[in-house]
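> Dropping in target_20.txt, with compact mmCIF, C-alpha atoms and all ligand atoms.
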# COMPACT_ATOMS: atom_id res chain seq x y z
CA MET A 1361 15.01 79.96 -29.42
CA ALA A 1362 11.91 78.87 -27.55
CA GLU A 1363 12.65 76.73 -24.52
CA GLU A 1364 11.43 73.13 -24.63
CA VAL A 1365 10.86 71.75 -21.15
CA ILE A 1366 9.42 68.30 -20.55
CA LEU A 1367 8.92 66.63 -17.17
CA LEU A 1368 8.69 62.84 -16.89
CA ASP A 1369 6.74 62.41 -13.68
CA PHE A 1370 4.48 60.15 -11.62
CA TRP A 1371 1.54 61.73 -9.75
CA ALA A 1372 2.25 60.22 -6.29
CA SER A 1373 6.01 60.82 -6.33
CA MET A 1374 7.46 63.16 -3.73
CA PHE A 1375 10.47 63.55 -6.01
CA GLY A 1376 8.31 64.52 -8.98
CA ALA A 1377 6.36 66.94 -6.74
CA ARG A 1378 9.58 68.81 -5.91
CA VAL A 1379 10.25 69.49 -9.53
CA ARG A 1380 6.62 70.46 -10.21
CA ILE A 1381 6.74 72.97 -7.33
CA ALA A 1382 10.11 74.40 -8.43
CA LEU A 1383 8.87 74.89 -12.00
CA ALA A 1384 5.68 76.56 -10.72
CA GLU A 1385 7.63 78.86 -8.37
CA LYS A 1386 9.71 79.96 -11.35
CA GLY A 1387 6.68 80.28 -13.64
CA ILE A 1388 8.16 77.91 -16.24
CA LYS A 1389 5.82 76.37 -18.78
CA TYR A 1390 6.46 72.72 -19.50
CA GLU A 1391 4.98 69.58 -20.96
CA HIS A 1392 4.04 67.04 -18.31
CA LYS A 1393 4.35 63.35 -19.24
CA GLU A 1394 2.97 60.86 -16.74
CA ALA A 1395 5.10 57.70 -16.58
CA ASP A 1396 3.85 54.16 -16.13
CA LEU A 1397 6.40 52.87 -13.60
CA TRP A 1398 5.28 49.27 -14.09
CA ASN A 1399 5.75 49.48 -17.84
CA LYS A 1400 8.43 52.08 -18.50
CA SER A 1401 8.38 53.97 -21.79
CA PRO A 1402 11.31 53.91 -24.25
CA LEU A 1403 11.60 57.69 -23.59
CA LEU A 1404 12.11 57.20 -19.82
CA LEU A 1405 14.64 54.40 -20.42
CA GLU A 1406 16.51 56.55 -22.94
CA MET A 1407 16.50 59.68 -20.75
CA ASN A 1408 17.45 57.97 -17.47
CA PRO A 1409 19.29 54.81 -18.55
CA ILE A 1410 21.19 54.53 -15.25
CA HIS A 1411 18.40 54.62 -12.65
CA LYS A 1412 15.34 54.28 -14.96
CA LYS A 1413 13.40 56.47 -12.52
CA ILE A 1414 11.30 59.59 -12.64
CA PRO A 1415 11.55 62.54 -12.33
CA VAL A 1416 13.52 63.50 -15.42
CA LEU A 1417 13.59 67.06 -16.70
CA ILE A 1418 14.29 67.23 -20.43
CA HIS A 1419 15.47 70.73 -21.25
CA ASN A 1420 15.93 71.42 -24.97
CA GLY A 1421 16.44 67.68 -25.53
CA LYS A 1422 18.95 67.18 -22.69
CA PRO A 1423 17.92 65.07 -19.68
CA VAL A 1424 18.63 66.04 -16.07
CA CYS A 1425 17.98 63.31 -13.47
CA GLU A 1426 17.63 63.13 -9.65
CA SER A 1427 15.10 65.51 -8.11
CA SER A 1428 17.43 67.59 -5.93
CA ILE A 1429 19.88 67.99 -8.83
CA ILE A 1430 16.97 68.98 -11.10
CA VAL A 1431 15.73 71.63 -8.63
CA GLN A 1432 19.26 73.09 -8.38
CA TYR A 1433 19.55 73.04 -12.19
CA ILE A 1434 16.23 74.89 -12.50
CA ASP A 1435 17.41 77.46 -9.96
CA GLU A 1436 20.64 78.04 -11.90
CA VAL A 1437 19.13 78.18 -15.38
CA TRP A 1438 16.13 80.39 -14.52
CA LYS A 1439 18.01 82.45 -11.95
CA ASP A 1440 16.18 85.75 -12.44
CA LYS A 1441 12.93 84.68 -10.83
CA THR A 1442 12.23 83.45 -7.27
CA PRO A 1443 15.63 82.17 -6.09
CA LEU A 1444 15.25 78.79 -4.41
CA LEU A 1445 18.75 78.33 -2.95
CA PRO A 1446 20.43 81.04 -0.86
CA SER A 1447 23.19 83.05 -2.57
CA ASP A 1448 25.68 82.68 0.29
CA PRO A 1449 27.94 79.59 -0.25
CA PHE A 1450 27.73 78.50 3.40
CA GLU A 1451 23.94 78.83 3.43
CA ARG A 1452 23.77 76.91 0.13
CA ALA A 1453 25.87 74.12 1.62
CA GLN A 1454 23.56 74.02 4.65
CA SER A 1455 20.47 73.75 2.42
CA ARG A 1456 22.06 70.89 0.47
CA PHE A 1457 22.97 69.15 3.73
CA TRP A 1458 19.35 69.24 4.94
CA VAL A 1459 17.90 68.04 1.63
CA ASP A 1460 20.39 65.16 1.71
CA PHE A 1461 19.37 64.44 5.33
CA ILE A 1462 15.67 64.44 4.36
CA ASP A 1463 16.24 61.97 1.52
CA LYS A 1464 18.52 59.68 3.52
CA LYS A 1465 16.15 59.59 6.50
CA LEU A 1466 12.66 59.87 5.07
CA TYR A 1467 12.99 57.74 1.95
CA ASP A 1468 14.54 54.92 3.94
CA PRO A 1469 12.08 52.03 3.55
CA GLY A 1470 12.91 51.19 7.18
CA ARG A 1471 10.87 54.22 8.18
CA ASN A 1472 7.82 53.34 6.07
CA THR A 1473 5.64 52.77 9.11
CA TRP A 1474 2.70 51.82 6.87
CA ALA A 1475 4.68 48.85 5.53
CA LYS A 1476 5.16 47.28 8.98
CA THR A 1477 3.28 45.77 11.89
CA GLY A 1478 3.81 45.10 15.60
CA GLU A 1479 7.15 45.92 17.19
CA ALA A 1480 8.84 46.75 13.89
CA GLN A 1481 6.15 49.33 13.26
CA GLU A 1482 6.57 50.83 16.74
CA GLU A 1483 10.33 51.10 16.14
CA ALA A 1484 9.82 52.69 12.70
CA LYS A 1485 7.29 55.12 14.19
CA LYS A 1486 9.74 56.17 16.92
CA GLU A 1487 12.47 56.76 14.35
CA PHE A 1488 10.13 58.60 12.00
CA ILE A 1489 9.04 61.00 14.77
CA GLU A 1490 12.67 61.53 15.81
CA VAL A 1491 13.58 62.55 12.26
CA ILE A 1492 10.70 65.03 12.15
CA LYS A 1493 11.70 66.41 15.56
CA THR A 1494 15.28 66.91 14.31
CA LEU A 1495 13.90 68.82 11.34
CA GLU A 1496 11.64 70.79 13.66
CA GLY A 1497 14.71 71.75 15.73
CA GLN A 1498 16.45 72.95 12.58
CA LEU A 1499 13.40 75.04 11.61
CA GLY A 1500 13.40 76.70 15.04
CA ASP A 1501 11.14 79.75 15.09
CA LYS A 1502 11.66 80.63 11.45
CA PRO A 1503 8.60 80.59 9.17
CA TYR A 1504 10.51 78.53 6.56
CA PHE A 1505 13.70 76.48 6.48
CA GLY A 1506 14.95 79.15 4.10
CA GLY A 1507 14.29 81.84 6.74
CA GLU A 1508 11.66 84.35 5.70
CA THR A 1509 11.21 82.82 2.25
CA PHE A 1510 10.10 79.45 0.93
CA GLY A 1511 13.06 77.68 -0.69
CA PHE A 1512 14.95 74.50 -1.59
CA VAL A 1513 14.64 72.73 1.78
CA ASP A 1514 10.98 73.68 2.15
CA LEU A 1515 9.92 72.37 -1.24
CA SER A 1516 12.05 69.24 -0.84
CA LEU A 1517 10.40 68.37 2.47
CA ILE A 1518 6.82 69.46 1.86
CA SER A 1519 6.72 67.08 -1.10
CA TYR A 1520 6.80 64.19 1.43
CA TYR A 1521 4.03 65.67 3.53
CA CYS A 1522 1.05 64.19 1.66
CA TRP A 1523 2.45 60.71 2.51
CA PHE A 1524 2.47 61.45 6.26
CA HIS A 1525 -1.28 60.88 6.61
CA ALA A 1526 -0.67 57.23 5.61
CA HIS A 1527 1.99 56.96 8.35
CA GLU A 1528 -0.41 58.45 10.90
CA THR A 1529 -3.25 56.17 9.81
CA TYR A 1530 -1.34 52.88 9.91
CA ALA A 1531 1.02 53.61 12.82
CA LYS A 1532 -1.69 55.41 14.82
CA PHE A 1533 -0.19 58.71 15.87
CA SER A 1534 -0.84 62.40 15.39
CA LEU A 1535 1.98 64.42 13.90
CA ALA A 1536 0.24 67.65 14.97
CA ALA A 1537 0.37 66.45 18.59
CA GLU A 1538 3.99 65.16 18.38
CA CYS A 1539 5.46 67.98 16.29
CA PRO A 1540 3.25 71.11 16.42
CA LYS A 1541 5.88 73.49 14.99
CA PHE A 1542 6.53 71.19 12.07
CA THR A 1543 2.79 70.93 11.42
CA ALA A 1544 2.40 74.72 11.52
CA TRP A 1545 5.26 74.99 8.99
CA ALA A 1546 3.57 72.37 6.75
CA LYS A 1547 0.25 74.27 6.89
CA ARG A 1548 2.10 77.49 5.98
CA CYS A 1549 3.65 75.76 2.96
CA MET A 1550 0.30 74.21 1.95
CA GLU A 1551 -1.12 77.73 1.68
CA ARG A 1552 1.22 78.52 -1.18
CA GLU A 1553 -0.45 78.23 -4.55
CA SER A 1554 2.36 76.12 -6.07
CA VAL A 1555 2.19 73.59 -3.23
CA ALA A 1556 -1.60 73.49 -2.81
CA LYS A 1557 -2.11 72.94 -6.54
CA LEU A 1558 0.67 70.47 -7.19
CA LEU A 1559 0.80 68.13 -4.20
CA PRO A 1560 -1.58 65.19 -4.43
CA ASP A 1561 -4.37 64.91 -1.88
CA GLU A 1562 -3.31 62.92 1.21
CA LYS A 1563 -6.46 60.76 0.99
CA LYS A 1564 -5.59 59.81 -2.59
CA ILE A 1565 -2.08 58.86 -1.39
CA LEU A 1566 -3.64 56.78 1.41
CA GLY A 1567 -5.69 54.93 -1.25
CA PHE A 1568 -2.45 54.32 -3.19
CA VAL A 1569 -0.73 53.03 -0.02
CA VAL A 1570 -3.63 50.56 0.48
CA LYS A 1571 -2.84 49.22 -3.03
CA LEU A 1572 0.94 49.20 -2.39
CA ARG A 1573 0.44 47.20 0.82
CA LYS A 1574 -1.52 44.59 -1.14
CA TYR A 1575 0.95 44.63 -4.05
CA PHE A 1576 3.98 44.08 -1.79
CA GLY A 1577 2.08 41.60 0.37
CA TYR A 1578 2.27 43.61 3.61
CA GLU A 1579 -1.15 42.41 4.69
C1 LIG B 1 14.53 58.99 -6.45
C2 LIG B 1 13.53 58.87 -7.60
C3 LIG B 1 12.56 57.71 -7.37
O1 LIG B 1 12.69 56.90 -6.42
C4 LIG B 1 15.29 61.35 -6.97
O2 LIG B 1 14.84 61.72 -8.07
O3 LIG B 1 15.46 62.14 -6.03
N1 LIG B 1 16.69 59.80 -5.76
C5 LIG B 1 15.70 59.88 -6.80
N2 LIG B 1 11.58 57.57 -8.28
C6 LIG B 1 10.64 56.49 -8.19
C7 LIG B 1 9.22 57.03 -8.07
S1 LIG B 1 8.96 57.86 -6.53
O4 LIG B 1 9.19 56.72 -5.44
C8 LIG B 1 10.71 55.66 -9.48
O5 LIG B 1 10.81 56.18 -10.57
N3 LIG B 1 10.67 54.34 -9.32
C9 LIG B 1 10.68 53.43 -10.40
C10 LIG B 1 11.52 52.21 -10.10
O6 LIG B 1 12.13 52.14 -9.03
O7 LIG B 1 11.56 51.33 -10.96
Kindly transcribe the structure held in the file into C-alpha cells.
Ligand code: GS8

Amino acid sequence: MAEEVILLDFWASMFGARVRIALAEKGIKYEHKEADLWNKSPLLLEMNPIHKKIPVLIHNGKPVCESSIIVQYIDEVWKDKTPLLPSDPFERAQSRFWVDFIDKKLYDPGRNTWAKTGEAQEEAKKEFIEVIKTLEGQLGDKPYFGGETFGFVDLSLISYYCWFHAHETYAKFSLAAECPKFTAWAKRCMERESVAKLLPDEKKILGFVVKLRKYFGYE
C-alpha cells in the first residue's frame, strides 16, 4: 500500500521545522498543508483535538502530535534511512533529555527577549545566553550534538535558530560574540540541504516578530 503522509504545519514554527527537516533527512514524500492558526481548520481540530496545535503528522489517516514525538515516530517507522536517534538506550535517553531541556528553556515565553523592554529584557537576555552557553558546553568539541552525525538534538535545536536574529535585534547582543562554538555549530547545520531549504529566512521571521509585537501590544 502506498504511504499517505500529510503534515499540518505553519511556516514560522520551529516545531513544524523539526518535522520538515526529519522528513527531508529520511527522504519521505508528503503533502504539506499550511494551517491558519488564527482560524483553525476542521482538519486540524479533528487531528489534534487536545492541543489544537501544529505540527500534526497524519500517517495513513492516523494523527501523531507534538514535534519531538513526531520526529521519534518518523525515526522508528522509516528506520532504514538516516537514523536520527542513537541506537544505544543510554545515548537515546540523553538525546531525549536535551530536546526536553531545549523546549523547556527556549520556548519559555519568559525568555522571549523581543517581547520585553528595560530591566525585564536584560534579565531575559542574560537567561537566554546562559541557556545557549549550557548547550554549548554540552556540544563540547563535537561537530554535532549527535557526535559525528547530525541527529535528533541538532534538528530540534537548529529549528529555533532562525528566531535568534530577532532576539539579537531587539535585545541588542551578538550570539556569535557570546557563544562562538554554538554559532559555528549552527553554521555547520545551516550548510545541510535539509536545513538550508526548510528553515525560514531569519529576516522573514524578524518581520513576523514585528507583527507579533504589535498584535500582542508589546510596543
Ligand atoms: C508545541 C506546538 C506549538 O506551540 C510541539 O509540537 O512540540 N509542544 C508542541 N505550535 C504552535 C505554533 S508554533 O509556536 C501552535 O500551533 N499554536 C496555535 C495555538 O496555540 O493556538
> How far is it from CA of Gln1498 in chain A to CA of Glu1538 in chain A, in Å with one decimal?
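That distance, rounded to one decimal, is 15.8 Å.
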> Kindly indicate which residue among A:Pro1446, A:Gly1506, A:Gly1577, A:Gly1511 lies nearest to Lys1386 in chain A, using only C-alpha atoms for the distances.
A:Gly1511
> Which residues are near Phe1375 in chain A? Cut-off 7 Å, all atoms listed in the file, ignore same chain within fewer than 4 positions. Put them as a list in words.
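After dropping sequence-adjacent residues, the list is Val1379, Pro1415 and Ser1427 of chain A.
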> Could the residues in this selection be saved with C-alpha atoms as a PDB file, in the frame of the given file?

ATOM      1  CA  VAL A1379      10.250  69.490  -9.530  1.00  0.00           C
ATOM      2  CA  PRO A1415      11.550  62.540 -12.330  1.00  0.00           C
ATOM      3  CA  SER A1427      15.100  65.510  -8.110  1.00  0.00           C
TER       4      SER A1427
END
> Calculated over only C-alpha atoms, which of the candidates A:Ile1410, A:Ile1430, A:Val1365, A:Ile1489 has the smallest distance to Lys1389 in chain A?
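Under the stated criterion, the closest residue is A:Val1365.
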> Can you pull out every residue with an atom within 8 Å of ligand LIG 1 (chain B)? Use only C-alpha atoms and all ligand atoms and format it as a list in words.
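Using only C-alpha atoms and all ligand atoms, I find these residues within 8 Å of ligand LIG 1 (chain B): Phe1370, Ala1372, Ser1373, Met1374, Phe1375, Gly1376, Leu1397, Trp1398, His1411, Lys1412, Lys1413, Ile1414, Pro1415, Val1416, Cys1425, Glu1426, Ser1427, Ser1428, Ile1429 and Asp1463 of chain A.
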> Got a sec to check which residues sit within 10 Å of (17.4, 79.8, -9.3), counting only C-alpha atoms, and write them as a ChimeraX atom specification?
/A:1382,1385-1386,1431-1447,1511-1512
> Here's a test: counting all atoms listed in the file, identify every protein, DNA and RNA residue with an atom at most 12 Å from (10.0, 50.2, 3.8) in the file's coordinate frame, and state them as a PyMOL selection string.
chain A and resi 1465-1477+1480-1481+1484-1485+1488+1527+1569+1572-1573+1576+1578
> For the residues in the current selection, export C-alpha atoms as a compact mmCIF listing (two decimals), in the frame of the given file.

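As a result, result-v7.txt now contains:
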# COMPACT_ATOMS: atom_id res chain seq x y z
CA LYS A 1465 16.15 59.59 6.50
CA LEU A 1466 12.66 59.87 5.07
CA TYR A 1467 12.99 57.74 1.95
CA ASP A 1468 14.54 54.92 3.94
CA PRO A 1469 12.08 52.03 3.55
CA GLY A 1470 12.91 51.19 7.18
CA ARG A 1471 10.87 54.22 8.18
CA ASN A 1472 7.82 53.34 6.07
CA THR A 1473 5.64 52.77 9.11
CA TRP A 1474 2.70 51.82 6.87
CA ALA A 1475 4.68 48.85 5.53
CA LYS A 1476 5.16 47.28 8.98
CA THR A 1477 3.28 45.77 11.89
CA ALA A 1480 8.84 46.75 13.89
CA GLN A 1481 6.15 49.33 13.26
CA ALA A 1484 9.82 52.69 12.70
CA LYS A 1485 7.29 55.12 14.19
CA PHE A 1488 10.13 58.60 12.00
CA HIS A 1527 1.99 56.96 8.35
CA VAL A 1569 -0.73 53.03 -0.02
CA LEU A 1572 0.94 49.20 -2.39
CA ARG A 1573 0.44 47.20 0.82
CA PHE A 1576 3.98 44.08 -1.79
CA TYR A 1578 2.27 43.61 3.61
> Find the distance between CA of Leu1383 in chain A and CA of His1419 in chain A and write it in Å to one decimal.
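Rounded to one decimal, the two atoms are 12.1 Å apart.
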> Find the residues around Cys1522 in chain A up to 7 Å (only C-alpha atoms counted), leave out those fewer than 2 positions away in its own chain, and share them as a list in words.
Ser1519, Tyr1520, Phe1524, His1525, Pro1560, Asp1561, Glu1562 and Ile1565 of chain A
> Please indicate the distance in Å from CA of Phe1461 in chain A to CA of Trp1545 in chain A, rounded to one decimal place.
18.0 Å
> For Arg1548 in chain A, please output as a list of chain:residue names all residues within 9 Å (counting only C-alpha atoms; exclusion window: fewer than 4 positions along the same chain).
A:Pro1503, A:Tyr1504, A:Thr1543, A:Ala1544, A:Arg1552
> Rank A:Tyr1390, A:Phe1450, A:Phe1542, A:Phe1568 by their smallest atom-to-atom distance to Phe1505 in chain A, using all atoms listed in the file, and report the top residue only.
A:Phe1542
> With only C-alpha atoms as the basis for distance, which of A:Val1513, A:Ile1518, A:Leu1403, A:Ala1453 is at the shortest distance from Leu1558 in chain A?
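Among the listed residues, A:Ile1518 lies closest to Leu1558 in chain A.
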> Please, could all heavy atoms be added to range 1561-1572 of chain A and the result written as a PDB file, in the coordinates of the input?

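Written file, out02.pdb:
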ATOM      1  N   ASP A1561      -3.579  64.938  -3.099  1.00  0.00           N
ATOM      2  CA  ASP A1561      -4.370  64.910  -1.880  1.00  0.00           C
ATOM      3  C   ASP A1561      -3.919  63.725  -1.005  1.00  0.00           C
ATOM      4  O   ASP A1561      -3.685  62.623  -1.511  1.00  0.00           O
ATOM      5  CB  ASP A1561      -5.841  64.746  -2.285  1.00  0.00           C
ATOM      6  CG  ASP A1561      -6.734  64.782  -1.076  1.00  0.00           C
ATOM      7  OD1 ASP A1561      -6.948  65.877  -0.546  1.00  0.00           O
ATOM      8  OD2 ASP A1561      -7.186  63.696  -0.644  1.00  0.00           O
ATOM      9  N   GLU A1562      -3.811  63.978   0.312  1.00  0.00           N
ATOM     10  CA  GLU A1562      -3.310  62.920   1.210  1.00  0.00           C
ATOM     11  C   GLU A1562      -4.222  61.695   1.242  1.00  0.00           C
ATOM     12  O   GLU A1562      -3.773  60.573   1.448  1.00  0.00           O
ATOM     13  CB  GLU A1562      -3.070  63.474   2.621  1.00  0.00           C
ATOM     14  CG  GLU A1562      -4.297  64.073   3.274  1.00  0.00           C
ATOM     15  CD  GLU A1562      -4.003  64.661   4.651  1.00  0.00           C
ATOM     16  OE1 GLU A1562      -2.837  64.978   4.952  1.00  0.00           O
ATOM     17  OE2 GLU A1562      -4.967  64.789   5.424  1.00  0.00           O
ATOM     18  N   LYS A1563      -5.525  61.898   0.988  1.00  0.00           N
ATOM     19  CA  LYS A1563      -6.460  60.760   0.990  1.00  0.00           C
ATOM     20  C   LYS A1563      -6.228  59.890  -0.252  1.00  0.00           C
ATOM     21  O   LYS A1563      -6.367  58.677  -0.213  1.00  0.00           O
ATOM     22  CB  LYS A1563      -7.900  61.256   1.029  1.00  0.00           C
ATOM     23  CG  LYS A1563      -8.211  62.064   2.268  1.00  0.00           C
ATOM     24  CD  LYS A1563      -9.498  61.628   2.946  1.00  0.00           C
ATOM     25  CE  LYS A1563      -9.608  62.135   4.364  1.00  0.00           C
ATOM     26  NZ  LYS A1563      -9.219  63.548   4.587  1.00  0.00           N
ATOM     27  N   LYS A1564      -5.880  60.560  -1.362  1.00  0.00           N
ATOM     28  CA  LYS A1564      -5.590  59.810  -2.590  1.00  0.00           C
ATOM     29  C   LYS A1564      -4.291  58.998  -2.396  1.00  0.00           C
ATOM     30  O   LYS A1564      -4.189  57.850  -2.829  1.00  0.00           O
ATOM     31  CB  LYS A1564      -5.436  60.806  -3.743  1.00  0.00           C
ATOM     32  CG  LYS A1564      -5.573  60.174  -5.088  1.00  0.00           C
ATOM     33  CD  LYS A1564      -5.673  61.184  -6.203  1.00  0.00           C
ATOM     34  CE  LYS A1564      -5.371  60.486  -7.524  1.00  0.00           C
ATOM     35  NZ  LYS A1564      -4.900  61.370  -8.559  1.00  0.00           N
ATOM     36  N   ILE A1565      -3.321  59.587  -1.687  1.00  0.00           N
ATOM     37  CA  ILE A1565      -2.080  58.860  -1.390  1.00  0.00           C
ATOM     38  C   ILE A1565      -2.388  57.671  -0.479  1.00  0.00           C
ATOM     39  O   ILE A1565      -1.867  56.565  -0.687  1.00  0.00           O
ATOM     40  CB  ILE A1565      -1.024  59.788  -0.727  1.00  0.00           C
ATOM     41  CG1 ILE A1565      -0.578  60.888  -1.686  1.00  0.00           C
ATOM     42  CG2 ILE A1565       0.167  58.984  -0.186  1.00  0.00           C
ATOM     43  CD1 ILE A1565       0.324  60.434  -2.819  1.00  0.00           C
ATOM     44  N   LEU A1566      -3.272  57.885   0.500  1.00  0.00           N
ATOM     45  CA  LEU A1566      -3.640  56.780   1.410  1.00  0.00           C
ATOM     46  C   LEU A1566      -4.245  55.625   0.594  1.00  0.00           C
ATOM     47  O   LEU A1566      -3.916  54.458   0.818  1.00  0.00           O
ATOM     48  CB  LEU A1566      -4.615  57.283   2.485  1.00  0.00           C
ATOM     49  CG  LEU A1566      -5.069  56.262   3.512  1.00  0.00           C
ATOM     50  CD1 LEU A1566      -3.890  55.708   4.316  1.00  0.00           C
ATOM     51  CD2 LEU A1566      -6.087  56.887   4.493  1.00  0.00           C
ATOM     52  N   GLY A1567      -5.106  55.956  -0.372  1.00  0.00           N
ATOM     53  CA  GLY A1567      -5.690  54.930  -1.250  1.00  0.00           C
ATOM     54  C   GLY A1567      -4.602  54.186  -2.023  1.00  0.00           C
ATOM     55  O   GLY A1567      -4.657  52.974  -2.204  1.00  0.00           O
ATOM     56  N   PHE A1568      -3.565  54.917  -2.451  1.00  0.00           N
ATOM     57  CA  PHE A1568      -2.450  54.320  -3.190  1.00  0.00           C
ATOM     58  C   PHE A1568      -1.635  53.399  -2.269  1.00  0.00           C
ATOM     59  O   PHE A1568      -1.206  52.315  -2.668  1.00  0.00           O
ATOM     60  CB  PHE A1568      -1.592  55.464  -3.745  1.00  0.00           C
ATOM     61  CG  PHE A1568      -0.454  55.032  -4.619  1.00  0.00           C
ATOM     62  CD1 PHE A1568      -0.666  54.224  -5.733  1.00  0.00           C
ATOM     63  CD2 PHE A1568       0.846  55.451  -4.359  1.00  0.00           C
ATOM     64  CE1 PHE A1568       0.392  53.832  -6.551  1.00  0.00           C
ATOM     65  CE2 PHE A1568       1.909  55.059  -5.157  1.00  0.00           C
ATOM     66  CZ  PHE A1568       1.677  54.255  -6.253  1.00  0.00           C
ATOM     67  N   VAL A1569      -1.474  53.839  -1.002  1.00  0.00           N
ATOM     68  CA  VAL A1569      -0.730  53.030  -0.020  1.00  0.00           C
ATOM     69  C   VAL A1569      -1.480  51.723   0.243  1.00  0.00           C
ATOM     70  O   VAL A1569      -0.861  50.656   0.371  1.00  0.00           O
ATOM     71  CB  VAL A1569      -0.497  53.842   1.288  1.00  0.00           C
ATOM     72  CG1 VAL A1569      -0.073  52.943   2.435  1.00  0.00           C
ATOM     73  CG2 VAL A1569       0.573  54.916   1.059  1.00  0.00           C
ATOM     74  N   VAL A1570      -2.825  51.780   0.290  1.00  0.00           N
ATOM     75  CA  VAL A1570      -3.630  50.560   0.480  1.00  0.00           C
ATOM     76  C   VAL A1570      -3.274  49.566  -0.643  1.00  0.00           C
ATOM     77  O   VAL A1570      -3.021  48.380  -0.402  1.00  0.00           O
ATOM     78  CB  VAL A1570      -5.147  50.901   0.475  1.00  0.00           C
ATOM     79  CG1 VAL A1570      -5.993  49.634   0.435  1.00  0.00           C
ATOM     80  CG2 VAL A1570      -5.517  51.771   1.679  1.00  0.00           C
ATOM     81  N   LYS A1571      -3.179  50.091  -1.881  1.00  0.00           N
ATOM     82  CA  LYS A1571      -2.840  49.220  -3.030  1.00  0.00           C
ATOM     83  C   LYS A1571      -1.396  48.716  -2.935  1.00  0.00           C
ATOM     84  O   LYS A1571      -1.119  47.547  -3.214  1.00  0.00           O
ATOM     85  CB  LYS A1571      -3.018  50.001  -4.331  1.00  0.00           C
ATOM     86  CG  LYS A1571      -4.463  50.211  -4.697  1.00  0.00           C
ATOM     87  CD  LYS A1571      -4.572  50.714  -6.121  1.00  0.00           C
ATOM     88  CE  LYS A1571      -5.973  51.253  -6.351  1.00  0.00           C
ATOM     89  NZ  LYS A1571      -6.014  52.490  -7.094  1.00  0.00           N
ATOM     90  N   LEU A1572      -0.476  49.611  -2.507  1.00  0.00           N
ATOM     91  CA  LEU A1572       0.940  49.200  -2.390  1.00  0.00           C
ATOM     92  C   LEU A1572       1.095  48.084  -1.371  1.00  0.00           C
ATOM     93  O   LEU A1572       1.844  47.133  -1.566  1.00  0.00           O
ATOM     94  CB  LEU A1572       1.809  50.386  -1.978  1.00  0.00           C
ATOM     95  CG  LEU A1572       2.133  51.436  -3.032  1.00  0.00           C
ATOM     96  CD1 LEU A1572       3.002  52.541  -2.429  1.00  0.00           C
ATOM     97  CD2 LEU A1572       2.864  50.832  -4.218  1.00  0.00           C
TER      98      LEU A1572
END
